[in-house]
file my_file27.txt (compact mmCIF, C-alpha atoms)
# COMPACT_ATOMS: atom_id res chain seq x y z
CA MET Y 110 17.66 -5.03 -16.62
CA ALA Y 111 14.37 -3.72 -15.25
CA VAL Y 112 14.56 -1.87 -11.95
CA LEU Y 113 10.99 -2.89 -11.12
CA GLU Y 114 9.23 -6.07 -12.23
CA ALA Y 115 5.76 -7.23 -11.26
CA ASN Y 116 4.68 -10.59 -12.67
CA ASP Y 117 1.13 -11.98 -12.59
CA VAL Y 118 0.28 -10.12 -9.38
CA VAL Y 119 -2.96 -11.21 -7.76
CA LYS Y 120 -4.42 -9.47 -4.72
CA GLU Y 121 -7.45 -10.72 -2.84
CA PHE Y 122 -9.23 -9.19 0.14
CA ALA Y 123 -11.75 -10.82 2.45
CA GLU Y 124 -15.04 -8.96 2.80
CA GLY Y 125 -17.12 -10.87 5.31
CA SER Y 126 -17.64 -14.34 3.88
CA GLU Y 127 -16.67 -13.18 0.39
CA THR Y 128 -13.26 -12.96 -1.27
CA VAL Y 129 -12.78 -9.96 -3.55
CA ARG Y 130 -10.04 -10.22 -6.17
CA VAL Y 131 -8.84 -6.69 -6.97
CA LEU Y 132 -5.80 -7.65 -9.06
CA LYS Y 133 -6.13 -10.60 -11.43
CA GLY Y 134 -2.62 -11.21 -12.75
CA ALA Y 135 -1.22 -7.71 -13.31
CA SER Y 136 2.27 -7.49 -14.83
CA LEU Y 137 4.52 -4.50 -15.49
CA SER Y 138 8.22 -3.68 -15.73
CA LEU Y 139 10.09 -0.37 -15.57
CA GLU Y 140 13.57 0.50 -16.75
CA ARG Y 141 15.82 3.18 -15.28
CA GLY Y 142 15.14 6.58 -16.81
CA GLU Y 143 11.68 5.53 -17.97
CA ILE Y 144 8.36 7.22 -17.17
CA VAL Y 145 5.28 5.01 -17.35
CA ALA Y 146 1.73 6.34 -16.97
CA LEU Y 147 -0.70 3.86 -15.41
CA GLU Y 148 -4.24 4.80 -16.40
CA GLY Y 149 -7.60 3.31 -15.59
CA PRO Y 150 -11.03 4.06 -14.13
CA SER Y 151 -11.75 4.24 -10.42
CA GLY Y 152 -11.92 0.76 -8.92
CA SER Y 153 -9.71 -0.80 -11.59
CA GLY Y 154 -6.90 -1.67 -9.16
CA LYS Y 155 -4.48 1.21 -9.79
CA THR Y 156 -3.91 2.15 -6.17
CA THR Y 157 -3.71 -1.46 -5.02
CA PHE Y 158 -1.07 -2.18 -7.65
CA LEU Y 159 0.90 0.92 -6.67
CA THR Y 160 0.71 -0.11 -3.01
CA ILE Y 161 2.10 -3.56 -3.80
CA VAL Y 162 4.99 -2.45 -6.03
CA GLY Y 163 5.66 0.26 -3.43
CA CYS Y 164 6.20 -2.50 -0.85
CA MET Y 165 3.41 -1.33 1.44
CA LEU Y 166 1.39 -4.47 0.82
CA THR Y 167 2.24 -8.04 -0.24
CA PRO Y 168 0.49 -9.79 -3.13
CA THR Y 169 -1.69 -12.85 -2.64
CA ARG Y 170 0.11 -14.46 -5.56
CA GLY Y 171 2.66 -13.40 -8.13
CA SER Y 172 6.11 -11.85 -7.76
CA VAL Y 173 7.65 -8.40 -7.36
CA VAL Y 174 11.35 -7.69 -7.92
CA ILE Y 175 12.74 -4.33 -6.80
CA ASP Y 176 16.17 -3.27 -8.06
CA GLY Y 177 17.15 -6.90 -8.60
CA ARG Y 178 15.88 -8.14 -5.22
CA PRO Y 179 12.78 -10.37 -5.00
CA VAL Y 180 10.18 -9.26 -2.47
CA ASP Y 181 9.26 -12.24 -0.31
CA PRO Y 182 5.49 -12.13 0.41
CA LYS Y 183 6.07 -14.37 3.43
CA ARG Y 184 8.30 -11.73 5.04
CA PRO Y 185 6.19 -8.54 5.33
CA ALA Y 186 8.60 -7.27 8.00
CA ALA Y 187 11.19 -6.81 5.23
CA LEU Y 188 9.01 -4.32 3.29
CA PRO Y 189 10.21 -1.15 5.11
CA GLU Y 190 13.79 -1.91 4.10
CA PHE Y 191 12.79 -2.11 0.43
CA ARG Y 192 11.02 1.24 0.75
CA ARG Y 193 13.99 2.89 2.43
CA ARG Y 194 16.53 1.59 -0.07
CA SER Y 195 14.75 1.78 -3.38
CA ILE Y 196 11.44 3.67 -3.45
CA GLY Y 197 10.30 7.27 -3.22
CA PHE Y 198 6.63 8.29 -3.09
CA VAL Y 199 4.80 11.37 -4.36
CA PHE Y 200 1.23 11.59 -3.07
CA GLN Y 201 -1.82 13.46 -4.36
CA GLN Y 202 -2.28 15.22 -1.01
CA PHE Y 203 1.46 16.06 -0.68
CA ASN Y 204 1.62 14.52 2.85
CA LEU Y 205 4.09 17.08 4.18
CA PHE Y 206 4.60 17.55 7.91
CA PRO Y 207 2.93 20.92 8.64
CA ALA Y 208 5.28 21.83 11.52
CA LEU Y 209 8.45 21.21 9.45
CA THR Y 210 9.95 23.54 6.87
CA ALA Y 211 10.48 22.43 3.28
CA ALA Y 212 14.11 21.59 4.06
CA GLU Y 213 13.16 19.75 7.24
CA ASN Y 214 10.56 17.66 5.42
CA VAL Y 215 13.21 16.48 2.96
CA GLU Y 216 15.81 16.07 5.71
CA TYR Y 217 13.43 13.87 7.68
CA ALA Y 218 13.12 11.52 4.70
CA LEU Y 219 16.92 11.33 4.57
CA ASN Y 220 17.04 10.58 8.29
CA LEU Y 221 14.77 7.59 7.74
CA LYS Y 222 17.25 6.32 5.15
CA GLY Y 223 20.14 6.61 7.61
CA ARG Y 224 21.58 9.97 6.55
CA LYS Y 225 21.69 12.49 9.38
CA GLY Y 226 23.31 15.68 10.65
CA PRO Y 227 25.07 18.20 8.37
CA GLU Y 228 25.23 15.69 5.51
CA ALA Y 229 21.44 15.30 5.45
CA ARG Y 230 20.94 19.05 5.78
CA MET Y 231 23.20 19.79 2.82
CA GLU Y 232 21.55 17.07 0.75
CA SER Y 233 18.06 18.40 1.50
CA HIS Y 234 19.18 21.83 0.29
CA ARG Y 235 20.66 20.32 -2.88
CA LEU Y 236 17.42 18.47 -3.65
CA LEU Y 237 15.30 21.57 -3.12
CA ASP Y 238 17.67 23.51 -5.38
CA GLU Y 239 17.17 20.79 -7.99
CA VAL Y 240 13.39 21.24 -7.98
CA GLY Y 241 13.64 25.02 -8.08
CA LEU Y 242 12.92 25.84 -4.43
CA SER Y 243 16.22 27.21 -3.20
CA ASP Y 244 14.42 30.35 -2.00
CA ARG Y 245 11.70 28.38 -0.15
CA ARG Y 246 13.82 26.08 1.99
CA HIS Y 247 12.75 27.60 5.28
CA PHE Y 248 9.06 28.04 4.47
CA LEU Y 249 6.41 25.96 6.25
CA PRO Y 250 3.92 24.09 4.03
CA ARG Y 251 1.15 26.58 4.91
CA ASP Y 252 3.23 29.31 3.24
CA LEU Y 253 3.78 27.38 0.01
CA SER Y 254 1.56 27.19 -3.06
CA GLY Y 255 0.19 23.83 -4.23
CA GLY Y 256 2.86 23.57 -6.91
CA GLN Y 257 5.60 24.38 -4.42
CA LYS Y 258 4.30 21.75 -1.99
CA GLN Y 259 4.37 19.18 -4.77
CA ARG Y 260 7.95 20.14 -5.59
CA VAL Y 261 8.90 19.58 -1.94
CA ALA Y 262 7.18 16.19 -2.16
CA ILE Y 263 9.22 15.36 -5.27
CA ALA Y 264 12.46 16.40 -3.56
CA ARG Y 265 11.52 14.19 -0.61
CA ALA Y 266 10.83 11.26 -2.96
CA LEU Y 267 14.29 11.68 -4.49
CA ALA Y 268 15.98 11.66 -1.07
CA GLY Y 269 18.47 8.86 -0.63
CA ASP Y 270 18.89 8.25 -4.39
CA ALA Y 271 15.85 5.97 -4.68
CA PRO Y 272 15.96 4.42 -8.17
CA ILE Y 273 12.15 4.13 -8.29
CA VAL Y 274 9.65 6.96 -7.79
CA LEU Y 275 5.95 6.15 -7.52
CA ALA Y 276 3.45 8.98 -7.94
CA ASP Y 277 -0.26 8.73 -7.14
CA GLU Y 278 -2.28 11.36 -9.06
CA PRO Y 279 0.48 13.98 -8.59
CA THR Y 280 -1.30 16.67 -10.62
CA ALA Y 281 -4.83 16.15 -9.28
CA ASN Y 282 -4.70 19.11 -6.87
CA LEU Y 283 -2.83 21.47 -9.18
CA ASP Y 284 -4.09 23.88 -11.82
CA ALA Y 285 -3.24 23.12 -15.46
CA ARG Y 286 -0.20 25.42 -15.69
CA VAL Y 287 1.42 24.23 -12.46
CA GLY Y 288 0.57 20.62 -13.33
CA GLU Y 289 2.47 20.95 -16.59
CA GLN Y 290 5.45 22.41 -14.73
CA VAL Y 291 5.48 19.48 -12.29
CA LEU Y 292 5.24 16.96 -15.14
CA GLY Y 293 8.11 18.69 -16.91
CA LEU Y 294 10.13 18.38 -13.72
CA PHE Y 295 9.35 14.65 -13.57
CA ARG Y 296 10.50 14.22 -17.16
CA ASP Y 297 13.76 16.08 -16.62
CA LEU Y 298 14.59 14.22 -13.40
CA ALA Y 299 13.83 10.80 -14.87
CA HIS Y 300 15.86 11.29 -18.01
CA ARG Y 301 18.75 13.18 -16.40
CA GLU Y 302 19.14 11.04 -13.29
CA GLY Y 303 17.99 7.66 -14.56
CA ARG Y 304 15.11 7.30 -12.11
CA ALA Y 305 12.19 5.03 -13.02
CA LEU Y 306 8.84 6.77 -12.56
CA LEU Y 307 5.44 5.10 -12.37
CA ILE Y 308 2.64 7.66 -12.39
CA VAL Y 309 -0.91 6.58 -11.55
CA THR Y 310 -3.16 9.15 -13.15
CA HIS Y 311 -6.44 10.25 -14.72
CA ASP Y 312 -4.69 13.27 -16.24
CA PRO Y 313 -4.27 12.98 -20.05
CA LYS Y 314 -1.36 15.46 -19.91
CA VAL Y 315 0.79 12.80 -18.25
CA ARG Y 316 0.92 10.99 -21.60
CA ALA Y 317 2.85 13.93 -23.04
CA VAL Y 318 5.80 13.32 -20.71
CA ALA Y 319 5.53 9.53 -20.36
CA ASP Y 320 7.67 7.20 -22.42
CA ARG Y 321 4.70 4.87 -22.55
CA ALA Y 322 1.21 4.56 -21.14
CA VAL Y 323 -0.42 1.36 -19.96
CA ARG Y 324 -3.98 0.81 -18.87
CA ILE Y 325 -5.36 -1.24 -16.02
CA HIS Y 326 -8.89 -2.58 -16.29
CA ASP Y 327 -10.62 -5.01 -13.95
CA GLY Y 328 -7.33 -5.88 -12.24
CA VAL Y 329 -5.31 -6.60 -15.40
CA ILE Y 330 -2.71 -4.32 -17.04
CA PHE Y 331 -2.83 -3.91 -20.82
CA ASN Y 332 0.23 -2.50 -22.64

call {"tool": "encode", "arguments": {"input": "my_file27.txt", "output": "structure tokens"}}
result
Amino acid sequence: MAVLEANDVVKEFAEGSETVRVLKGASLSLERGEIVALEGPSGSGKTTFLTIVGCMLTPTRGSVVIDGRPVDPKRPAALPEFRRRSIGFVFQQFNLFPALTAAENVEYALNLKGRKGPEARMESHRLLDEVGLSDRRHFLPRDLSGGQKQRVAIARALAGDAPIVLADEPTANLDARVGEQVLGLFRDLAHREGRALLIVTHDPKVRAVADRAVRIHDGVIFN
């Protein structure tokens, strides 16, 4: 059973008196332990699609099912619960809190998912150990390299055992060597822990770690 299913997703936006259709019936499914690369030119609808399956935006038409639960587009207030329970995000710009240490950034994500106190602290340390940052737990983001920041972001995305991890251009701000290390980490985590990863990317190296690559063009996904 797919952990994420998007079927015939349409998304329209009003621009003045005009209606712009960004997604025109996009469909995609992900299985646990699978890495899918979503490729396409700028303006093709990649980020909009990621935002919808990440439960930050509802579709105009079509359906999204997250971990067996349909997302009701008429109940946008329910979206945060889907994000807390089932989805982790890795952003191009890392989006770490500058005043929090690596461990505190991960711990904060656990707090949002209802895990607090010593339990959350121990779990944040375990996740940082898992991404190879056991010696950087107490460093602030300004004292971390780009690759280390991205590893913190990955640990944060894994917080709370989210079965789905969505990554938006995760290697865009990394040099080639560090980018390959981060992609290798994605591959190991997905296959070892059974997480489903959807990676929006322009980076051809993502194909090397993906189980499959799909392409979005003019609001439609082609397998």

call {"tool": "closest_residue", "arguments": {"input": "my_file27.txt", "among": "Y:Thr210, Y:Gln201, Y:Glu232, Y:Leu267", "to": "Y:His247", "atoms": "all atoms listed in the file"}}
result
Y:Thr210

call {"tool": "residues_near_point", "arguments": {"input": "my_file27.txt", "point": "(-0.8, 16.2, 1.0)", "cutoff": "10 Å", "atoms": "only C-alpha atoms", "output": "number ranges by chain"}}
result
Y: 199-207, 250, 255, 258-259, 262, 279, 282

call {"tool": "residues_around", "arguments": {"input": "my_file27.txt", "residues": "stretch 286-289 of chain Y", "least_positions_apart": "6", "cutoff": "10 Å", "atoms": "all atoms listed in the file", "output": "JSON list (two decimals) with C-alpha atoms, in the coordinates of the input"}}
result
[["chain", "number", "residue", "atom", "x", "y", "z"],
["Y", 254, "SER", "CA", 1.56, 27.19, -3.06],
["Y", 255, "GLY", "CA", 0.19, 23.83, -4.23],
["Y", 256, "GLY", "CA", 2.86, 23.57, -6.91],
["Y", 257, "GLN", "CA", 5.60, 24.38, -4.42],
["Y", 259, "GLN", "CA", 4.37, 19.18, -4.77],
["Y", 279, "PRO", "CA", 0.48, 13.98, -8.59],
["Y", 280, "THR", "CA", -1.30, 16.67, -10.62],
["Y", 295, "PHE", "CA", 9.35, 14.65, -13.57],
["Y", 312, "ASP", "CA", -4.69, 13.27, -16.24],
["Y", 314, "LYS", "CA", -1.36, 15.46, -19.91],
["Y", 315, "VAL", "CA", 0.79, 12.80, -18.25],
["Y", 317, "ALA", "CA", 2.85, 13.93, -23.04],
["Y", 318, "VAL", "CA", 5.80, 13.32, -20.71]]

call {"tool": "residues_around", "arguments": {"input": "my_file27.txt", "residues": "Y:Ser172", "least_positions_apart": "6", "cutoff": "12 Å", "atoms": "all atoms listed in the file", "output": "PyMOL selection string"}}
result
chain Y and resi 113-120+134-138+161-162+164+178-183

call {"tool": "closest_residue", "arguments": {"input": "my_file27.txt", "among": "Y:Glu127, Y:Lys133, Y:Ala146, Y:Gly223", "to": "Y:Asp320", "atoms": "only C-alpha atoms"}}
result
Y:Ala146

call {"tool": "atom_distance", "arguments": {"input": "my_file27.txt", "atom1": "atom CA of Y:Arg265", "atom2": "atom CA of Y:Arg324"}}
result
27.4 Å

call {"tool": "atom_distance", "arguments": {"input": "my_file27.txt", "atom1": "atom CA of Y:Gly303", "atom2": "atom CA of Y:Arg141"}}
result
5.0 Å

call {"tool": "closest_residue", "arguments": {"input": "my_file27.txt", "among": "Y:Pro150, Y:Gly328, Y:Gly293, Y:Pro189", "to": "Y:Val240", "atoms": "only C-alpha atoms"}}
result
Y:Gly293

call {"tool": "residues_around", "arguments": {"input": "my_file27.txt", "residues": "stretch 215-220 of chain Y", "least_positions_apart": "5", "cutoff": "6 Å", "atoms": "only C-alpha atoms", "output": "number ranges by chain"}}
result
Y: 225, 229-230, 233, 265, 268-269

call {"tool": "atom_distance", "arguments": {"input": "my_file27.txt", "atom1": "atom CA of Y:Gly171", "atom2": "atom CA of Y:Phe191"}}
result
17.4 Å

call {"tool": "residues_around", "arguments": {"input": "my_file27.txt", "residues": "Y:Pro272", "least_positions_apart": "6", "cutoff": "7 Å", "atoms": "only C-alpha atoms", "output": "NGL selection string"}}
result
:Y and (195-196 or 304-305)

call {"tool": "build_atoms", "arguments": {"input": "my_file27.txt", "residues": "stretch 208-221 of chain Y", "atoms": "N, CA and C atoms", "output": "short mmCIF file (atom, residue, chain, number, x, y, z; two decimals), in the coordinates of the input"}}
result
data_model
loop_
_atom_site.label_atom_id
_atom_site.label_comp_id
_atom_site.auth_asym_id
_atom_site.auth_seq_id
_atom_site.Cartn_x
_atom_site.Cartn_y
_atom_site.Cartn_z
N ALA Y 208 4.44 21.10 10.57
CA ALA Y 208 5.28 21.83 11.52
C ALA Y 208 6.74 21.88 11.08
N LEU Y 209 7.07 21.23 9.95
CA LEU Y 209 8.45 21.21 9.45
C LEU Y 209 8.56 22.09 8.21
N THR Y 210 9.69 22.74 8.07
CA THR Y 210 9.95 23.54 6.87
C THR Y 210 10.15 22.62 5.67
N ALA Y 211 10.22 23.21 4.49
CA ALA Y 211 10.48 22.43 3.28
C ALA Y 211 11.76 21.62 3.43
N ALA Y 212 12.83 22.28 3.90
CA ALA Y 212 14.11 21.59 4.06
C ALA Y 212 14.01 20.49 5.10
N GLU Y 213 13.29 20.75 6.17
CA GLU Y 213 13.16 19.75 7.24
C GLU Y 213 12.34 18.55 6.80
N ASN Y 214 11.32 18.77 5.95
CA ASN Y 214 10.56 17.66 5.42
C ASN Y 214 11.44 16.72 4.60
N VAL Y 215 12.30 17.29 3.77
CA VAL Y 215 13.21 16.48 2.96
C VAL Y 215 14.28 15.83 3.85
N GLU Y 216 14.78 16.59 4.80
CA GLU Y 216 15.81 16.07 5.71
C GLU Y 216 15.28 14.89 6.51
N TYR Y 217 14.02 14.97 6.92
CA TYR Y 217 13.43 13.87 7.68
C TYR Y 217 13.42 12.58 6.86
N ALA Y 218 13.09 12.70 5.57
CA ALA Y 218 13.12 11.52 4.70
C ALA Y 218 14.52 10.94 4.62
N LEU Y 219 15.53 11.80 4.58
CA LEU Y 219 16.92 11.33 4.57
C LEU Y 219 17.28 10.66 5.89
N ASN Y 220 16.78 11.19 6.99
CA ASN Y 220 17.04 10.58 8.29
C ASN Y 220 16.52 9.14 8.32
N LEU Y 221 15.34 8.93 7.76
CA LEU Y 221 14.77 7.59 7.74
C LEU Y 221 15.61 6.62 6.93
#
